[in-house]
Each structure stands twice: as structure tokens, then as C-alpha cells.
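Q: Input file: target_36.cif. Contents: mmCIF, C-alpha atoms.
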```
data_model
loop_
_atom_site.group_PDB
_atom_site.id
_atom_site.type_symbol
_atom_site.label_atom_id
_atom_site.label_comp_id
_atom_site.auth_asym_id
_atom_site.auth_seq_id
_atom_site.Cartn_x
_atom_site.Cartn_y
_atom_site.Cartn_z
ATOM 1 C CA MET A 25 -4.289 -21.861 -5.997
ATOM 2 C CA ASN A 26 -1.913 -18.901 -6.458
ATOM 3 C CA ASN A 27 -4.330 -16.199 -5.265
ATOM 4 C CA ILE A 28 -5.468 -15.743 -1.693
ATOM 5 C CA LEU A 29 -8.348 -13.545 -2.883
ATOM 6 C CA GLU A 30 -10.228 -13.208 -6.155
ATOM 7 C CA VAL A 31 -12.865 -10.563 -6.764
ATOM 8 C CA GLN A 32 -14.880 -11.517 -9.830
ATOM 9 C CA ASN A 33 -17.034 -8.963 -11.662
ATOM 10 C CA VAL A 34 -18.383 -7.385 -8.488
ATOM 11 C CA VAL A 35 -21.121 -4.769 -8.772
ATOM 12 C CA LYS A 36 -22.431 -2.784 -5.805
ATOM 13 C CA GLN A 37 -25.258 -0.290 -6.121
ATOM 14 C CA TYR A 38 -26.618 2.130 -3.506
ATOM 15 C CA GLY A 39 -29.842 3.499 -4.938
ATOM 16 C CA ASP A 40 -28.889 5.387 -8.095
ATOM 17 C CA TYR A 41 -25.188 5.373 -7.211
ATOM 18 C CA ARG A 42 -22.957 2.557 -8.467
ATOM 19 C CA ALA A 43 -20.098 2.185 -5.990
ATOM 20 C CA LEU A 44 -18.421 -0.715 -7.815
ATOM 21 C CA ASN A 45 -18.771 -1.287 -11.524
ATOM 22 C CA ASP A 46 -17.868 -4.836 -12.589
ATOM 23 C CA VAL A 47 -14.642 -4.832 -10.562
ATOM 24 C CA SER A 48 -12.304 -7.841 -10.710
ATOM 25 C CA LEU A 49 -9.075 -8.211 -8.704
ATOM 26 C CA GLN A 50 -6.559 -10.949 -7.969
ATOM 27 C CA VAL A 51 -4.492 -10.793 -4.777
ATOM 28 C CA PRO A 52 -1.552 -13.235 -4.981
ATOM 29 C CA LYS A 53 -0.725 -15.370 -1.963
ATOM 30 C CA GLY A 54 2.065 -13.883 0.104
ATOM 31 C CA SER A 55 1.771 -10.422 -1.441
ATOM 32 C CA ILE A 56 1.446 -6.988 0.109
ATOM 33 C CA TYR A 57 -1.186 -5.578 -2.200
ATOM 34 C CA GLY A 58 -1.819 -1.836 -2.332
ATOM 35 C CA LEU A 59 -5.489 -0.975 -2.902
ATOM 36 C CA LEU A 60 -5.380 2.639 -4.062
ATOM 37 C CA GLY A 61 -7.822 5.291 -5.167
ATOM 38 C CA PRO A 62 -9.090 8.772 -4.313
ATOM 39 C CA ASN A 63 -11.836 9.354 -1.768
ATOM 40 C CA GLY A 64 -15.136 7.944 -3.011
ATOM 41 C CA ALA A 65 -13.497 5.628 -5.547
ATOM 42 C CA GLY A 66 -15.131 2.456 -4.185
ATOM 43 C CA LYS A 67 -12.323 1.030 -2.016
ATOM 44 C CA THR A 68 -14.324 0.994 1.217
ATOM 45 C CA SER A 69 -17.311 -0.620 -0.517
ATOM 46 C CA LEU A 70 -15.041 -3.385 -1.778
ATOM 47 C CA ILE A 71 -13.403 -3.898 1.626
ATOM 48 C CA ARG A 72 -16.824 -4.127 3.281
ATOM 49 C CA ILE A 73 -17.839 -6.826 0.782
ATOM 50 C CA ILE A 74 -14.648 -8.840 1.406
ATOM 51 C CA ASN A 75 -15.395 -8.665 5.141
ATOM 52 C CA GLN A 76 -19.030 -9.701 4.508
ATOM 53 C CA ILE A 77 -20.335 -6.534 6.127
ATOM 54 C CA THR A 78 -22.330 -6.003 2.939
ATOM 55 C CA MET A 79 -22.970 -8.263 -0.046
ATOM 56 C CA PRO A 80 -22.376 -7.574 -3.743
ATOM 57 C CA ASP A 81 -25.371 -7.076 -6.016
ATOM 58 C CA SER A 82 -23.668 -9.337 -8.553
ATOM 59 C CA GLY A 83 -20.327 -11.081 -8.952
ATOM 60 C CA GLN A 84 -18.519 -13.118 -6.319
ATOM 61 C CA VAL A 85 -15.492 -13.189 -4.039
ATOM 62 C CA LEU A 86 -13.269 -16.234 -3.505
ATOM 63 C CA LEU A 87 -10.988 -16.690 -0.496
ATOM 64 C CA ASP A 88 -8.246 -19.238 -1.120
ATOM 65 C CA GLY A 89 -10.313 -20.776 -3.905
ATOM 66 C CA GLU A 90 -13.572 -21.016 -1.937
ATOM 67 C CA THR A 91 -16.642 -18.845 -2.364
ATOM 68 C CA LEU A 92 -16.659 -16.380 0.510
ATOM 69 C CA ASN A 93 -18.815 -17.602 3.408
ATOM 70 C CA PRO A 94 -19.351 -16.726 7.104
ATOM 71 C CA GLU A 95 -16.772 -19.289 8.292
ATOM 72 C CA HIS A 96 -14.044 -17.297 6.538
ATOM 73 C CA VAL A 97 -14.180 -14.576 9.201
ATOM 74 C CA GLN A 98 -11.618 -16.554 11.214
ATOM 75 C CA TYR A 99 -9.126 -16.331 8.323
ATOM 76 C CA ILE A 100 -9.380 -12.571 7.813
ATOM 77 C CA GLY A 101 -8.051 -9.742 9.945
ATOM 78 C CA TYR A 102 -9.541 -6.297 9.299
ATOM 79 C CA LEU A 103 -8.250 -2.998 10.629
ATOM 80 C CA PRO A 104 -10.797 -0.335 9.601
ATOM 81 C CA GLU A 105 -9.901 3.311 9.147
ATOM 82 C CA GLU A 106 -12.591 4.223 11.688
ATOM 83 C CA ARG A 107 -11.540 2.204 14.714
ATOM 84 C CA GLY A 108 -14.257 0.257 16.558
ATOM 85 C CA LEU A 109 -13.162 -0.570 20.109
ATOM 86 C CA TYR A 110 -15.610 -0.324 23.038
ATOM 87 C CA LYS A 111 -14.423 2.731 24.938
ATOM 88 C CA THR A 112 -15.723 1.781 28.390
ATOM 89 C CA MET A 113 -14.532 -1.852 28.254
ATOM 90 C CA LYS A 114 -11.204 -2.875 29.762
ATOM 91 C CA VAL A 115 -8.420 -3.531 27.275
ATOM 92 C CA GLY A 116 -7.686 -7.104 28.360
ATOM 93 C CA GLU A 117 -11.339 -8.174 28.491
ATOM 94 C CA GLN A 118 -11.963 -6.632 25.087
ATOM 95 C CA CYS A 119 -8.951 -8.320 23.491
ATOM 96 C CA LEU A 120 -10.039 -11.711 24.885
ATOM 97 C CA TYR A 121 -13.585 -11.200 23.634
ATOM 98 C CA LEU A 122 -12.541 -10.170 20.119
ATOM 99 C CA ALA A 123 -9.982 -12.993 19.860
ATOM 100 C CA GLN A 124 -12.667 -15.551 20.712
ATOM 101 C CA LEU A 125 -14.970 -14.036 18.090
ATOM 102 C CA LYS A 126 -12.245 -14.954 15.576
ATOM 103 C CA GLY A 127 -12.428 -18.609 16.618
ATOM 104 C CA MET A 128 -9.660 -18.740 19.252
ATOM 105 C CA SER A 129 -10.138 -20.623 22.506
ATOM 106 C CA LYS A 130 -9.877 -18.553 25.673
ATOM 107 C CA GLN A 131 -6.688 -20.383 26.665
ATOM 108 C CA GLU A 132 -5.006 -19.802 23.291
ATOM 109 C CA ALA A 133 -6.165 -16.172 23.247
ATOM 110 C CA GLN A 134 -4.672 -15.554 26.703
ATOM 111 C CA LYS A 135 -1.382 -17.127 25.622
ATOM 112 C CA GLN A 136 -1.153 -15.038 22.460
ATOM 113 C CA LEU A 137 -2.215 -11.848 24.215
ATOM 114 C CA LYS A 138 0.480 -12.325 26.858
ATOM 115 C CA TYR A 139 3.050 -12.642 24.057
ATOM 116 C CA TRP A 140 1.849 -9.535 22.183
ATOM 117 C CA PHE A 141 1.346 -7.371 25.275
ATOM 118 C CA GLU A 142 4.933 -8.117 26.287
ATOM 119 C CA LYS A 143 6.237 -7.552 22.763
ATOM 120 C CA PHE A 144 4.502 -4.163 22.533
ATOM 121 C CA GLY A 145 5.419 -3.263 26.125
ATOM 122 C CA ILE A 146 1.797 -2.657 27.112
ATOM 123 C CA GLN A 147 1.385 -5.070 30.049
ATOM 124 C CA ASP A 148 0.181 -2.192 32.247
ATOM 125 C CA TRP A 149 -2.746 -1.527 29.916
ATOM 126 C CA TRP A 150 -4.642 -4.775 30.640
ATOM 127 C CA ASN A 151 -7.044 -3.259 33.184
ATOM 128 C CA LYS A 152 -7.270 0.191 31.605
ATOM 129 C CA LYS A 153 -10.372 1.260 29.693
ATOM 130 C CA ILE A 154 -9.975 2.251 26.054
ATOM 131 C CA GLN A 155 -11.200 5.766 26.883
ATOM 132 C CA GLU A 156 -8.181 6.158 29.191
ATOM 133 C CA LEU A 157 -5.759 5.600 26.306
ATOM 134 C CA SER A 158 -4.459 8.139 23.815
ATOM 135 C CA LYS A 159 -5.485 7.722 20.193
ATOM 136 C CA GLY A 160 -2.140 6.162 19.308
ATOM 137 C CA MET A 161 -2.311 3.739 22.255
ATOM 138 C CA ALA A 162 -5.830 2.693 21.250
ATOM 139 C CA GLN A 163 -4.642 2.206 17.672
ATOM 140 C CA LYS A 164 -1.961 -0.179 18.920
ATOM 141 C CA VAL A 165 -4.594 -2.250 20.759
ATOM 142 C CA GLN A 166 -6.778 -2.271 17.637
ATOM 143 C CA PHE A 167 -3.868 -3.533 15.545
ATOM 144 C CA LEU A 168 -3.137 -6.246 18.105
ATOM 145 C CA VAL A 169 -6.684 -7.641 18.046
ATOM 146 C CA THR A 170 -6.622 -7.530 14.234
ATOM 147 C CA ILE A 171 -3.620 -9.871 14.006
ATOM 148 C CA ILE A 172 -4.037 -11.967 17.172
ATOM 149 C CA HIS A 173 -5.600 -14.941 15.338
ATOM 150 C CA GLU A 174 -2.826 -15.057 12.695
ATOM 151 C CA PRO A 175 -5.104 -14.446 9.700
ATOM 152 C CA LYS A 176 -4.431 -15.735 6.198
ATOM 153 C CA LEU A 177 -5.515 -12.346 4.842
ATOM 154 C CA LEU A 178 -4.899 -9.066 6.630
ATOM 155 C CA ILE A 179 -6.835 -6.008 5.409
ATOM 156 C CA LEU A 180 -5.438 -2.688 6.619
ATOM 157 C CA ASP A 181 -7.273 0.570 5.951
ATOM 158 C CA GLU A 182 -4.946 3.526 6.699
ATOM 159 C CA PRO A 183 -3.035 1.481 9.313
ATOM 160 C CA PHE A 184 -0.650 4.285 10.282
ATOM 161 C CA SER A 185 -3.339 6.854 11.041
ATOM 162 C CA GLY A 186 -2.833 8.301 14.515
ATOM 163 C CA PHE A 187 0.648 6.867 15.036
ATOM 164 C CA ASP A 188 3.773 8.892 15.722
ATOM 165 C CA PRO A 189 6.801 7.991 13.530
ATOM 166 C CA VAL A 190 8.255 5.557 16.095
ATOM 167 C CA ASN A 191 5.050 3.555 16.499
ATOM 168 C CA ALA A 192 4.271 3.755 12.777
ATOM 169 C CA ASN A 193 7.631 2.130 12.156
ATOM 170 C CA LEU A 194 6.875 -0.531 14.785
ATOM 171 C CA ILE A 195 3.573 -1.401 13.093
ATOM 172 C CA LYS A 196 5.229 -1.412 9.666
ATOM 173 C CA ASP A 197 7.836 -3.888 10.882
ATOM 174 C CA GLU A 198 5.130 -6.157 12.320
ATOM 175 C CA ILE A 199 3.206 -6.099 9.035
ATOM 176 C CA ILE A 200 6.341 -7.077 7.118
ATOM 177 C CA GLU A 201 7.129 -9.834 9.633
ATOM 178 C CA LEU A 202 3.594 -11.254 9.373
ATOM 179 C CA ASN A 203 3.908 -11.188 5.597
ATOM 180 C CA LYS A 204 7.206 -13.099 5.773
ATOM 181 C CA LYS A 205 5.423 -15.772 7.839
ATOM 182 C CA GLY A 206 2.789 -16.202 5.107
ATOM 183 C CA THR A 207 0.050 -13.663 5.768
ATOM 184 C CA SER A 208 -1.183 -11.918 2.625
ATOM 185 C CA VAL A 209 -1.892 -8.214 3.107
ATOM 186 C CA ILE A 210 -4.278 -5.779 1.440
ATOM 187 C CA PHE A 211 -3.046 -2.314 2.229
ATOM 188 C CA SER A 212 -5.331 0.665 1.583
ATOM 189 C CA THR A 213 -3.750 4.068 2.131
ATOM 190 C CA HIS A 214 -3.234 7.555 0.739
ATOM 191 C CA ARG A 215 0.406 7.520 1.890
ATOM 192 C CA MET A 216 2.133 6.759 -1.379
ATOM 193 C CA GLU A 217 5.559 6.553 0.259
ATOM 194 C CA SER A 218 4.282 3.576 2.300
ATOM 195 C CA VAL A 219 3.083 1.891 -0.891
ATOM 196 C CA GLU A 220 6.502 2.398 -2.491
ATOM 197 C CA GLU A 221 8.221 0.937 0.545
ATOM 198 C CA MET A 222 5.969 -2.031 1.293
ATOM 199 C CA CYS A 223 3.798 -3.136 -1.623
ATOM 200 C CA ASP A 224 4.752 -5.564 -4.371
ATOM 201 C CA HIS A 225 1.367 -5.456 -6.172
ATOM 202 C CA ILE A 226 -1.124 -2.624 -6.584
ATOM 203 C CA ALA A 227 -4.591 -1.915 -7.919
ATOM 204 C CA LEU A 228 -6.030 1.535 -8.575
ATOM 205 C CA ILE A 229 -9.776 2.158 -8.440
ATOM 206 C CA ASN A 230 -11.351 5.414 -9.547
ATOM 207 C CA LYS A 231 -15.010 6.343 -9.949
ATOM 208 C CA SER A 232 -16.093 2.765 -9.194
ATOM 209 C CA ASN A 233 -13.889 1.220 -11.896
ATOM 210 C CA LYS A 234 -10.567 -0.577 -11.757
ATOM 211 C CA LEU A 235 -7.992 1.335 -13.800
ATOM 212 C CA ILE A 236 -4.775 -0.521 -12.987
ATOM 213 C CA GLU A 237 -3.756 -3.829 -11.473
ATOM 214 C CA GLY A 238 -0.514 -5.755 -11.427
ATOM 215 C CA LYS A 239 2.934 -6.267 -10.022
ATOM 216 C CA LEU A 240 4.288 -2.868 -9.003
ATOM 217 C CA SER A 241 7.440 -3.211 -11.094
ATOM 218 C CA ASP A 242 5.352 -4.102 -14.174
ATOM 219 C CA VAL A 243 3.036 -1.133 -13.615
ATOM 220 C CA LYS A 244 6.048 1.176 -13.371
ATOM 221 C CA ARG A 245 7.411 -0.207 -16.640
ATOM 222 C CA GLN A 246 4.058 0.518 -18.246
ATOM 223 C CA PHE A 247 4.268 4.168 -17.165
ATOM 224 C CA ARG A 248 7.963 4.788 -17.788
ATOM 225 C CA SER A 249 8.617 7.628 -20.240
ATOM 226 C CA ASN A 250 12.221 6.807 -21.192
ATOM 227 C CA THR A 251 13.345 10.045 -19.557
ATOM 228 C CA PHE A 252 16.687 10.684 -17.857
ATOM 229 C CA GLU A 253 17.930 13.280 -15.402
ATOM 230 C CA VAL A 254 21.383 14.433 -16.437
ATOM 231 C CA GLY A 255 24.048 16.520 -14.753
ATOM 232 C CA ILE A 256 27.110 17.610 -16.719
ATOM 233 C CA LEU A 257 30.075 19.938 -16.227
ATOM 234 C CA THR A 258 30.786 21.540 -19.603
ATOM 235 C CA ASN A 259 32.479 24.603 -21.063
ATOM 236 C CA ASP A 260 30.319 24.500 -24.198
ATOM 237 C CA VAL A 261 26.698 24.686 -23.114
ATOM 238 C CA GLU A 262 25.576 26.129 -26.439
ATOM 239 C CA GLY A 263 27.194 23.367 -28.501
ATOM 240 C CA LEU A 264 25.906 20.647 -26.202
ATOM 241 C CA MET A 265 22.356 21.953 -26.274
ATOM 242 C CA TYR A 266 22.425 22.150 -30.063
ATOM 243 C CA GLN A 267 23.514 18.493 -30.338
ATOM 244 C CA LEU A 268 20.986 17.294 -27.781
ATOM 245 C CA THR A 269 17.980 19.075 -29.276
ATOM 246 C CA GLN A 270 18.684 17.539 -32.684
ATOM 247 C CA LYS A 271 17.718 14.117 -31.303
ATOM 248 C CA PHE A 272 16.025 14.445 -27.935
ATOM 249 C CA THR A 273 13.340 16.371 -26.091
ATOM 250 C CA VAL A 274 15.310 18.489 -23.619
ATOM 251 C CA GLY A 275 14.155 20.496 -20.614
ATOM 252 C CA GLN A 276 15.559 21.971 -17.430
ATOM 253 C CA THR A 277 15.284 20.107 -14.129
ATOM 254 C CA ASN A 278 16.597 20.343 -10.598
ATOM 255 C CA PHE A 279 18.129 17.833 -8.230
ATOM 256 C CA LYS A 280 20.530 17.950 -5.308
ATOM 257 C CA SER A 281 24.142 18.113 -6.382
ATOM 258 C CA LEU A 282 27.514 19.104 -4.954
ATOM 259 C CA ASN A 283 28.595 20.350 -8.368
ATOM 260 C CA ASP A 284 27.804 23.520 -10.262
ATOM 261 C CA ASP A 285 26.634 21.384 -13.151
ATOM 262 C CA LEU A 286 24.117 21.858 -15.939
ATOM 263 C CA LYS A 287 20.951 19.963 -14.960
ATOM 264 C CA LEU A 288 18.761 18.620 -17.750
ATOM 265 C CA GLU A 289 15.767 16.339 -18.215
ATOM 266 C CA ILE A 290 16.049 14.443 -21.486
ATOM 267 C CA GLN A 291 13.428 12.222 -23.101
ATOM 268 C CA LEU A 292 15.078 9.705 -25.422
ATOM 269 C CA GLY A 293 12.262 9.023 -27.864
ATOM 270 C CA ASP A 294 13.539 6.450 -30.392
ATOM 271 C CA PHE A 295 17.174 6.797 -29.340
ATOM 272 C CA THR A 296 19.086 4.833 -26.696
ATOM 273 C CA SER A 297 20.678 5.864 -23.434
ATOM 274 C CA ASN A 298 24.084 4.923 -24.889
ATOM 275 C CA GLU A 299 23.584 7.428 -27.713
ATOM 276 C CA LEU A 300 22.732 10.122 -25.188
ATOM 277 C CA LEU A 301 25.718 9.235 -23.026
ATOM 278 C CA SER A 302 28.024 9.355 -26.036
ATOM 279 C CA ILE A 303 27.024 12.943 -26.810
ATOM 280 C CA LEU A 304 27.327 14.005 -23.177
ATOM 281 C CA THR A 305 30.821 12.583 -22.687
ATOM 282 C CA ASN A 306 32.028 14.415 -25.809
ATOM 283 C CA TYR A 307 31.113 17.724 -24.194
ATOM 284 C CA GLY A 308 32.196 17.317 -20.580
ATOM 285 C CA GLN A 309 32.144 15.354 -17.359
ATOM 286 C CA VAL A 310 28.871 13.556 -16.629
ATOM 287 C CA THR A 311 28.115 13.926 -12.917
ATOM 288 C CA HIS A 312 24.583 12.559 -12.830
ATOM 289 C CA PHE A 313 22.780 10.122 -15.126
ATOM 290 C CA VAL A 314 19.577 8.533 -13.774
ATOM 291 C CA GLU A 315 16.422 7.256 -15.424
ATOM 292 C CA LYS A 316 13.283 8.872 -14.006
ATOM 293 C CA ILE A 317 11.265 5.892 -12.781
ATOM 294 C CA PRO A 318 7.625 6.900 -12.229
ATOM 295 C CA SER A 319 6.630 6.881 -8.573
ATOM 296 C CA VAL A 320 3.352 5.437 -7.326
ATOM 297 C CA ASN A 321 2.282 9.013 -6.662
ATOM 298 C CA ASP A 322 3.036 9.966 -10.295
ATOM 299 C CA ILE A 323 1.087 6.952 -11.567
ATOM 300 C CA PHE A 324 -1.833 7.718 -9.233
ATOM 301 C CA ILE A 325 -2.103 11.360 -10.329
ATOM 302 C CA GLN A 326 -1.664 10.608 -14.029
ATOM 303 C CA SER A 327 -4.239 7.806 -14.047
ATOM 304 C CA VAL A 328 -6.875 9.618 -11.997
ATOM 305 C CA SER A 329 -6.437 12.878 -13.922
ATOM 306 C CA GLN A 330 -7.075 11.143 -17.239
ATOM 307 C CA LYS A 331 -10.456 9.788 -16.185
#
```
Take the structure in the file and give it back as C-alpha cells.

A:
Amino acid sequence: MNNILEVQNVVKQYGDYRALNDVSLQVPKGSIYGLLGPNGAGKTSLIRIINQITMPDSGQVLLDGETLNPEHVQYIGYLPEERGLYKTMKVGEQCLYLAQLKGMSKQEAQKQLKYWFEKFGIQDWWNKKIQELSKGMAQKVQFLVTIIHEPKLLILDEPFSGFDPVNANLIKDEIIELNKKGTSVIFSTHRMESVEEMCDHIALINKSNKLIEGKLSDVKRQFRSNTFEVGILTNDVEGLMYQLTQKFTVGQTNFKSLNDDLKLEIQLGDFTSNELLSILTNYGQVTHFVEKIPSVNDIFIQSVSQK
């Protein structure tokens, strides 16, 4: 089985509102899978179904090839956007309790908690109540209890919310390390730079429907426009522009440069980058020549705006 999770034709209805409309997804084993979409797209409804908080009206979900069932809770770690720790309960007691809910023995939970508390440098928090912690400190505890049982599938909903840059980087590193050890990750966020940095697969849901799914590099190829950013030092701008506009779609652009060069955005159309480069080198010194690869943010905006 190559997929840790398969969502098959899932429909979820709330009264007259259809939150998920025949949605199917495949999350490969060992992937960090970005689940993207604007507010109200259906992401939270899908995550709640995967965690068996609610059930689909039709369709099914498979975890590691098996139809999702209550026993699978021990194989899933879920970090919700709205954190759910008991504010008046002591940190250590709460971590032990939640670890045992995930199927760990008390002895194993204590051993793992000792390791993680030392790793995060939070040994002094054991007897503190959650309400005594800052939001970021409480987030760190929530993350710890999400991963303590070494889940097969880790579902993270806005995992960096509330963290300062140092702690966000700490959590990011732990997610990547868990992934290297075999944990598959579903990563739901509006921070597109985090998706670019961490995810190898993505899906985009909008208005209850899946619009895009696939390997991130393949999705980017699908959205590439064969456009290049060009910088050139030339004494014949007029002649160069005449030659370029005979073959290409040419516009002005801006990028950081140490040179006082002419900056252009050129869409190749049916021509090749070698043909473009040949024209440029005849007219001056090329200082910048880079294909504009669509970012996840570009893909998100373009896809959502079209629907």
C-alpha cells in the first residue's frame, strides 16, 4: 500500500449546506502533504472526518489500506487550530492522561514525556497549570501531546499559530525529523511560505470541491507559463525591444540587482529559451536570466479566483 490515507468520494452535508462534494484524496506514505484552501473551503470538515469526530454522509476513508475505525485513533496525531488543553489541569498530569488515551502505557508515557520535556527544555513546567503558561508555551505542550505516541499520520492545522520565529523553527524541525523517521504529515495552513519549504504534495479545496492534487513539482509544471525574468546591459534598447517583440510577449518587471540593467519579463510562447538568449547576447551583456516558476501562493490565487 503506497498511501497512508485515502479519501474516497466523501460527501458531507450540514442541512442545506454541502461542506464536501464528492472529495477524493490520496496521501502518499512518508509525504508532507499540504491541504490548502480559503476559509470555508471544507478543509476542517475533512479533517474532522479523518479524526472520526464526525462521519461522512457518503464515501469512505482508508488508513493504511483499512477502512477507518475507532482503533485507528492510536495511529493518528491531531493538532487542531483551536487548541484543546484543560486550563486548570497540571501540565504533567494532562500529558500523561492524553498519552494514555492514545494507547500508551503509563510507564511508556512517562519515559517518552521525560525525553520530550528535556528536549524542549520545559522540565519546570510539569507541575504548572496550563492557564499559567503563555499562549506559545501552551502551544508547545499541545504539540508534544500530539506527537508523543509516534503516530503513523500527523495532522497539523495551522501548527505555527502563536509561536515566535524561534519556536516556530523548533517545531518545524521536529516535524521534518518525525517525517524522516516515517511519519506521514497532513499540513493545513494559510502560510504559503511554509508549504513551499516543507511540503512535497499538495491538494487545494475550494467551495467544497477538490481543484488540485498532486506532487508539488508536478503541480508547478502544470501552472508554469514559460516566462523568464531577464536583465541585460545594452546600448541599443530600441533595437533590442524591436527584435524581442517580433517573437515574444514582453513586459517590464522588477527584481533586485546590483546593475543598472534593463529588466524585462518575457513569455516565450512557441519559441525556446535558447532563441531568446541568442537575441539577448547579440545586444549586450545578460546579467539575469531566470524562469519564473509559479509559487504555491500564485497557484492558490489563480485557482481560487477562477472558480

Q: Which residues, written as a list in words, have at least one atom at most 12 Å from Lys126 in chain A, with only C-alpha atoms counted and residues fewer than 5 positions away on the same chain left out?

A: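 My list of contacting residues is Pro94, Glu95, His96, Val97, Gln98, Tyr99, Ile100, Gly101, Tyr102, Cys119, Leu120, Tyr121, Glu132, Ala133, Val169, Thr170, Ile171, Ile172, His173, Glu174 and Pro175 of chain A.
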
Q: Step by step, work through what the PyMOL selection byres ((chain A and resi 58) around 8) selects in the shown file, and finish by giving those residues as a list in words.

A: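 Going through the file, the PyMOL selection byres ((chain A and resi 58) around 8) ends up selecting Ile56, Tyr57, Leu59, Leu60, Ile210, Phe211, Ser212, Thr213, Val219, Cys223, Asp224, His225, Ile226 and Ala227 of chain A.
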
Q: Please produce a file of the residues just selected, as a short mmCIF file (atom, residue, chain, number, x, y, z; two decimals), in the coordinates of the input, where the atoms kept are C-alpha atoms.

A:
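Okay, this is what ended up in again-v5.cif:
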```cif
data_model
loop_
_atom_site.label_atom_id
_atom_site.label_comp_id
_atom_site.auth_asym_id
_atom_site.auth_seq_id
_atom_site.Cartn_x
_atom_site.Cartn_y
_atom_site.Cartn_z
CA ILE A 56 1.45 -6.99 0.11
CA TYR A 57 -1.19 -5.58 -2.20
CA LEU A 59 -5.49 -0.98 -2.90
CA LEU A 60 -5.38 2.64 -4.06
CA ILE A 210 -4.28 -5.78 1.44
CA PHE A 211 -3.05 -2.31 2.23
CA SER A 212 -5.33 0.66 1.58
CA THR A 213 -3.75 4.07 2.13
CA VAL A 219 3.08 1.89 -0.89
CA CYS A 223 3.80 -3.14 -1.62
CA ASP A 224 4.75 -5.56 -4.37
CA HIS A 225 1.37 -5.46 -6.17
CA ILE A 226 -1.12 -2.62 -6.58
CA ALA A 227 -4.59 -1.92 -7.92
#
```

Q: Output the residue selection produced by the PyMOL selection byres ((chain A and resi 323-331) around 10) on the file above, formatted as a VMD selection string.

A: chain A and resid 60 to 62 216 228 to 231 235 to 236 243 to 244 246 to 248 318 to 322

Q: Go ahead and find all residues with at least one atom no further than 6 Å from (15.0, 15.0, -16.3) in the file's coordinates, using only C-alpha atoms; report them as a PyMOL selection string.

A: chain A and resi 252-253+277+288-290

Q: What does the distance between CA of Ser185 in chain A and CA of Pro80 in chain A come to in Å, to one decimal place?

A: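 CA of Pro80 in chain A lies at a distance of 28.1 Å from CA of Ser185 in chain A.
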
Q: One decimal, Å: what's the distance from CA of Leu257 in chain A over to CA of Phe279 in chain A, could you say?

A: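 Interatomic distance here is 14.5 Å.
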
Q: On this structure, the PyMOL selection byres ((chain A and resi 275) around 12) would catch which residues? List them as a PyMOL selection string, sorted by chain and number.

A: chain A and resi 251-254+265+268-269+272-274+276-278+286-292

Q: Residues at most 6 Å from Val34 in chain A, counting all atoms listed in the file, excluding those fewer than 5 positions away in the same chain, as a list in words?

A: Asp46, Val47, Ser82 and Gly83 of chain A

Q: Pick out the closest residue to Leu92 in chain A from this set: A:Lys114, A:Lys130, A:Ile28, A:Trp149. Count all atoms listed in the file.

A: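 Ranked by minimum distance to Leu92 in chain A, first place goes to A:Ile28.
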
Q: Can you tell me which residues surround Glu105 in chain A at a distance of at most 12 Å, considering only C-alpha atoms, apart from same-chain residues fewer than 4 positions away, and format the answer as a VMD selection string?

A: chain A and resid 67 to 68 71 to 72 163 166 to 167 179 to 186 211 to 214

Q: Skip Met79 in chain A itself and residues of its chain fewer than 4 positions away, then list as a list in words all residues within 10 Å of it, counting only C-alpha atoms.

A: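 What passes the distance filter is Val34, Val35, Lys36, Ser69, Leu70, Arg72, Ile73, Ile74, Asn75, Gly83, Gln84 and Val85 of chain A.
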
Q: Got time to write the residues from that selection, C-alpha atoms, as a JSON list (two decimals), in the coordinates of the input?

A:
```json
[["chain", "number", "residue", "atom", "x", "y", "z"],
["A", 34, "VAL", "CA", -18.38, -7.38, -8.49],
["A", 35, "VAL", "CA", -21.12, -4.77, -8.77],
["A", 36, "LYS", "CA", -22.43, -2.78, -5.80],
["A", 69, "SER", "CA", -17.31, -0.62, -0.52],
["A", 70, "LEU", "CA", -15.04, -3.38, -1.78],
["A", 72, "ARG", "CA", -16.82, -4.13, 3.28],
["A", 73, "ILE", "CA", -17.84, -6.83, 0.78],
["A", 74, "ILE", "CA", -14.65, -8.84, 1.41],
["A", 75, "ASN", "CA", -15.40, -8.66, 5.14],
["A", 83, "GLY", "CA", -20.33, -11.08, -8.95],
["A", 84, "GLN", "CA", -18.52, -13.12, -6.32],
["A", 85, "VAL", "CA", -15.49, -13.19, -4.04]]
```

Q: When you count only C-alpha atoms, which of these residues is closest to Trp140 in chain A: A:Lys280, A:Lys164, A:Lys159, A:Lys152?

A: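 The shortest atom-to-atom distance to Trp140 in chain A comes from A:Lys164.
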
Q: Would you please work out which residue, of A:Trp150, A:Val115, A:Glu237, A:Thr78, is nearest to Gln50 in chain A when using only C-alpha atoms?

A: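 Of A:Trp150, A:Val115, A:Glu237, A:Thr78, the one nearest Gln50 in chain A is A:Glu237, counting only C-alpha atoms.
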
Q: State, in Å with one decimal place, the distance from CA of Leu194 in chain A to CA of Phe144 in chain A.

A: 8.9 Å

Q: Using all atoms listed in the file, collect all residues at a distance of at most 9 Å from (32.0, 20.0, -21.4) as written in the file, then present them as a PDB file with C-alpha atoms, in the coordinates of the input.

A:
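Written output follows (result_18.pdb):
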```
ATOM      1  CA  ILE A 256      27.110  17.610 -16.719  1.00  0.00           C
ATOM      2  CA  LEU A 257      30.075  19.938 -16.227  1.00  0.00           C
ATOM      3  CA  THR A 258      30.786  21.540 -19.603  1.00  0.00           C
ATOM      4  CA  ASN A 259      32.479  24.603 -21.063  1.00  0.00           C
ATOM      5  CA  ASP A 260      30.319  24.500 -24.198  1.00  0.00           C
ATOM      6  CA  VAL A 261      26.698  24.686 -23.114  1.00  0.00           C
ATOM      7  CA  LEU A 264      25.906  20.647 -26.202  1.00  0.00           C
ATOM      8  CA  LEU A 304      27.327  14.005 -23.177  1.00  0.00           C
ATOM      9  CA  THR A 305      30.821  12.583 -22.687  1.00  0.00           C
ATOM     10  CA  ASN A 306      32.028  14.415 -25.809  1.00  0.00           C
ATOM     11  CA  TYR A 307      31.113  17.724 -24.194  1.00  0.00           C
ATOM     12  CA  GLY A 308      32.196  17.317 -20.580  1.00  0.00           C
ATOM     13  CA  GLN A 309      32.144  15.354 -17.359  1.00  0.00           C
ATOM     14  CA  VAL A 310      28.871  13.556 -16.629  1.00  0.00           C
TER      15      VAL A 310
END
```

Q: Tell me, as an NGL selection string, which residues lie within 12 Å of Lys205 in chain A, counting all atoms listed in the file; anything in the same chain fewer than 6 positions away does not count.

A: :A and (53-55 or 174-177 or 198-199)
